[in-house]
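Undergrad: To start, I am sharing the structure in question, which I have written as structure tokens.
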Amino acid sequence: MRRANRTEVKEFLFQGFSSFQEHQLTLFVVFFALYMLTLAGNVIIVTMIRMDHHLHTPMYFFLSVLSTSETFYSLVIIPRMLSSLVGPNQPISLEGCAAQLFFFLGFAITNCLLLAVMGYDRYVAICNPLRYPIVMHWRVCATLASSVCTTGFLLSLVQTVAIFRLPFCSSLIEHFFCDVRPVLDLACATPVINDILTLIISLLAITAPATFLFVSYVLIISTILKMASAEGRKKAFATCASHLTVVIVHYGCASIAYFKPKSENTRDQDQLVSVTYTVITPLLNPVVYSLRNKEVQDALRRVVGRKSLS
């Protein structure tokens, strides 16, 4: 437990990318371009799924929810990060930092749980195809999506309240946004219960769905390999490839960020990992599903074709 002279902290300052002072304009251009691509990509995916009836399936319903969540997830972090790269370092109030952490964690946990639900959808479609229309009924899909969002924001609320009930003895956040560890490092004392709570939430949000996905894909791959038709195996693998790619990168970055021992933390390493899961990962979803998914590519051609004809 760390102690320091207790003073009333009402606002925080971000240290940001001060280590890269000479390259901040370059970073701004790169991050802004990636941010615009993320917004455009996710909006296009949601619009295509809404407009093309061929994509009105549970798999693409969950993809549209994930794209929407990823869009808001980016909005919570990136605009303020971009402004800090080209302007003076503006302070953030205690309440503003709490709000940023709450929404960041809420959407992040929701995304993790949504990927697990999408894995379950693929499991039912491939391992129990005859029961798929019954098991993944639209009412079930809506219930799963709303439950995932509710769970994500409830866990986020518990974590945020637990952190911001602590007294803070420093105001400089060694990061570019309000994340769990950088904010906890500013507390005058970090009770063991906070570390335990962070671990429990990480296990529920990352380890549990990752384990579920691992078991699901073992069963999925086992079923695919038993298929007699080579064409059937190829098609089944193709429907899972996009999702599996997103899952590996998403859970890989989250695991590094939240399970790495504190003694191994360095600011530059933390920022590199954080840039990956706040800037790169949200872009990965539309890129992977547009470049690797034939159904999405066909839908895009149909939507563009209808627009050009009208």
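Just so we're on the same page: first chain in the structure tokens is A, next is B, and so on; residues restart at 1 for each chain, and ligands are numbered from 1 in the order they show up.
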Which parts of range 7-232 of chain A does DSSP call alpha helix (DSSP H) when run on the backbone here, written out as a PyMOL selection string?
TA: chain A and resi 24-51+58-86+94-127+132-135+138-164+180-184+192-202+208-225+230-232
Undergrad: Store the residues of this selection in a file with C-alpha atoms, as a compact mmCIF listing (two decimals), in the first residue's frame.
TA:
```txt
# COMPACT_ATOMS: atom_id res chain seq x y z
CA GLN A 24 3.47 14.79 -32.16
CA LEU A 25 2.26 16.31 -35.44
CA THR A 26 3.09 13.05 -37.24
CA LEU A 27 1.25 11.09 -34.55
CA PHE A 28 -1.73 13.41 -34.92
CA VAL A 29 -1.94 12.84 -38.69
CA VAL A 30 -1.59 9.05 -38.34
CA PHE A 31 -4.09 8.73 -35.47
CA PHE A 32 -6.57 11.11 -37.13
CA ALA A 33 -6.45 9.10 -40.37
CA LEU A 34 -6.96 5.82 -38.50
CA TYR A 35 -9.81 7.37 -36.50
CA MET A 36 -11.60 8.55 -39.66
CA LEU A 37 -11.17 5.10 -41.22
CA THR A 38 -12.56 3.49 -38.06
CA LEU A 39 -15.66 5.72 -38.03
CA ALA A 40 -16.24 5.33 -41.78
CA GLY A 41 -15.69 1.56 -41.71
CA ASN A 42 -18.02 0.90 -38.80
CA VAL A 43 -20.73 3.21 -40.18
CA ILE A 44 -20.53 1.46 -43.57
CA ILE A 45 -20.85 -1.98 -41.95
CA VAL A 46 -23.88 -0.96 -39.86
CA THR A 47 -25.51 0.71 -42.89
CA MET A 48 -24.91 -2.32 -45.14
CA ILE A 49 -26.34 -4.74 -42.59
CA ARG A 50 -29.39 -2.53 -42.20
CA MET A 51 -29.97 -2.07 -45.95
CA PRO A 58 -28.00 -13.27 -36.09
CA MET A 59 -24.30 -13.23 -37.01
CA TYR A 60 -24.54 -9.85 -38.72
CA PHE A 61 -26.94 -8.49 -36.10
CA PHE A 62 -24.22 -9.04 -33.48
CA LEU A 63 -21.62 -7.59 -35.86
CA SER A 64 -23.70 -4.41 -36.21
CA VAL A 65 -23.97 -4.14 -32.41
CA LEU A 66 -20.19 -4.66 -32.12
CA SER A 67 -19.51 -2.00 -34.78
CA THR A 68 -21.78 0.46 -32.98
CA SER A 69 -20.07 -0.25 -29.66
CA GLU A 70 -16.62 0.10 -31.24
CA THR A 71 -17.63 3.49 -32.69
CA PHE A 72 -18.65 4.88 -29.29
CA TYR A 73 -15.58 3.24 -27.70
CA SER A 74 -13.38 5.26 -30.06
CA LEU A 75 -15.33 8.47 -29.40
CA VAL A 76 -14.63 8.21 -25.67
CA ILE A 77 -10.83 8.25 -26.09
CA ILE A 78 -9.52 9.45 -29.43
CA PRO A 79 -10.93 13.03 -29.89
CA ARG A 80 -9.38 14.24 -26.62
CA MET A 81 -6.14 12.39 -27.41
CA LEU A 82 -5.95 14.13 -30.81
CA SER A 83 -6.56 17.57 -29.30
CA SER A 84 -3.74 17.03 -26.79
CA LEU A 85 -1.31 16.30 -29.65
CA VAL A 86 -1.82 19.68 -31.38
CA LEU A 94 -12.22 14.47 -11.46
CA GLU A 95 -15.81 13.91 -12.66
CA GLY A 96 -14.73 14.03 -16.32
CA CYS A 97 -12.02 11.45 -15.71
CA ALA A 98 -14.51 9.19 -13.89
CA ALA A 99 -16.96 9.53 -16.80
CA GLN A 100 -14.25 8.72 -19.36
CA LEU A 101 -13.15 5.63 -17.39
CA PHE A 102 -16.77 4.49 -16.94
CA PHE A 103 -17.64 4.70 -20.64
CA PHE A 104 -14.27 3.34 -21.77
CA LEU A 105 -14.57 0.27 -19.53
CA GLY A 106 -18.29 -0.14 -20.30
CA PHE A 107 -17.77 -0.32 -24.06
CA ALA A 108 -14.53 -2.34 -23.72
CA ILE A 109 -16.17 -5.03 -21.56
CA THR A 110 -19.25 -5.02 -23.82
CA ASN A 111 -17.00 -5.68 -26.83
CA CYS A 112 -15.29 -8.60 -25.07
CA LEU A 113 -18.62 -10.18 -24.15
CA LEU A 114 -20.08 -9.54 -27.62
CA LEU A 115 -17.20 -11.44 -29.22
CA ALA A 116 -18.03 -14.38 -26.93
CA VAL A 117 -21.70 -14.23 -27.98
CA MET A 118 -20.63 -14.15 -31.64
CA GLY A 119 -18.53 -17.24 -30.96
CA TYR A 120 -21.59 -18.97 -29.50
CA ASP A 121 -23.54 -18.03 -32.62
CA ARG A 122 -20.87 -19.68 -34.81
CA TYR A 123 -20.86 -22.75 -32.55
CA VAL A 124 -24.62 -23.25 -32.87
CA ALA A 125 -24.56 -22.57 -36.64
CA ILE A 126 -21.84 -25.14 -37.32
CA CYS A 127 -22.31 -27.76 -34.59
CA TYR A 132 -29.96 -22.85 -35.23
CA PRO A 133 -33.22 -21.05 -36.20
CA ILE A 134 -34.76 -22.02 -32.85
CA VAL A 135 -31.74 -21.41 -30.60
CA TRP A 138 -34.43 -12.89 -32.93
CA ARG A 139 -35.82 -12.49 -29.42
CA VAL A 140 -32.91 -14.52 -28.04
CA CYS A 141 -30.44 -12.38 -30.01
CA ALA A 142 -31.95 -9.15 -28.68
CA THR A 143 -31.87 -10.52 -25.12
CA LEU A 144 -28.23 -11.60 -25.46
CA ALA A 145 -27.18 -8.21 -26.88
CA SER A 146 -28.98 -6.20 -24.17
CA SER A 147 -27.67 -8.51 -21.41
CA VAL A 148 -24.10 -8.11 -22.64
CA CYS A 149 -24.38 -4.30 -22.69
CA THR A 150 -25.98 -4.21 -19.23
CA THR A 151 -23.32 -6.51 -17.76
CA GLY A 152 -20.51 -4.47 -19.33
CA PHE A 153 -21.69 -1.18 -17.86
CA LEU A 154 -22.54 -2.68 -14.46
CA LEU A 155 -19.01 -4.06 -14.12
CA SER A 156 -17.65 -0.72 -15.31
CA LEU A 157 -19.73 1.15 -12.72
CA VAL A 158 -18.43 -1.05 -9.89
CA GLN A 159 -14.81 -0.53 -10.97
CA THR A 160 -15.18 3.23 -11.48
CA VAL A 161 -16.90 3.84 -8.14
CA ALA A 162 -14.29 1.74 -6.32
CA ILE A 163 -11.45 3.80 -7.85
CA PHE A 164 -12.91 7.28 -7.43
CA VAL A 180 -7.51 1.79 -14.51
CA ARG A 181 -3.84 1.43 -13.59
CA PRO A 182 -2.67 5.00 -14.36
CA VAL A 183 -5.49 6.45 -12.23
CA LEU A 184 -4.96 3.97 -9.38
CA VAL A 192 -5.72 -4.58 -1.52
CA ILE A 193 -9.48 -4.82 -2.13
CA ASN A 194 -9.06 -2.56 -5.20
CA ASP A 195 -6.42 -4.85 -6.66
CA ILE A 196 -8.62 -7.87 -5.98
CA LEU A 197 -11.64 -6.14 -7.55
CA THR A 198 -9.63 -5.22 -10.66
CA LEU A 199 -8.46 -8.83 -10.98
CA ILE A 200 -12.01 -10.22 -10.56
CA ILE A 201 -13.43 -7.85 -13.20
CA SER A 202 -10.56 -8.70 -15.57
CA ALA A 208 -14.09 -16.12 -18.82
CA PRO A 209 -15.23 -15.16 -22.36
CA ALA A 210 -11.80 -16.07 -23.79
CA THR A 211 -12.05 -19.54 -22.21
CA PHE A 212 -15.59 -19.91 -23.54
CA LEU A 213 -14.39 -18.93 -27.02
CA PHE A 214 -11.49 -21.38 -26.85
CA VAL A 215 -13.79 -24.28 -25.96
CA SER A 216 -16.30 -23.18 -28.63
CA TYR A 217 -13.66 -23.11 -31.36
CA VAL A 218 -12.25 -26.49 -30.32
CA LEU A 219 -15.74 -27.93 -30.85
CA ILE A 220 -16.26 -25.93 -34.05
CA ILE A 221 -12.96 -27.05 -35.60
CA SER A 222 -13.62 -30.65 -34.54
CA THR A 223 -17.02 -30.52 -36.28
CA ILE A 224 -15.60 -28.90 -39.42
CA LEU A 225 -12.87 -31.52 -39.77
CA ALA A 230 -14.19 -30.15 -48.87
CA GLU A 231 -16.33 -27.25 -50.08
CA GLY A 232 -18.38 -27.42 -46.87
```
Undergrad: In Å, rounded to a single decimal, give me how far CA of Cys253 in chain A is from CA of Thr281 in chain A.
TA: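 That distance, rounded to one decimal, is 8.7 Å.
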Undergrad: So the first atom is CA of His53 in chain A and the second is CA of Ala236 in chain A; what is the distance between them in Å, to one decimal place?
TA: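 According to the coordinates, CA of His53 in chain A and CA of Ala236 in chain A are separated by 21.1 Å.
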Undergrad: For a quick check of understanding, using only C-alpha atoms, which of A:Val273, A:Val9, A:Leu130, A:Leu204 has the smallest distance to Ala257 in chain A?
TA: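 Of A:Val273, A:Val9, A:Leu130, A:Leu204, the one nearest Ala257 in chain A, counting only C-alpha atoms, is A:Val273.
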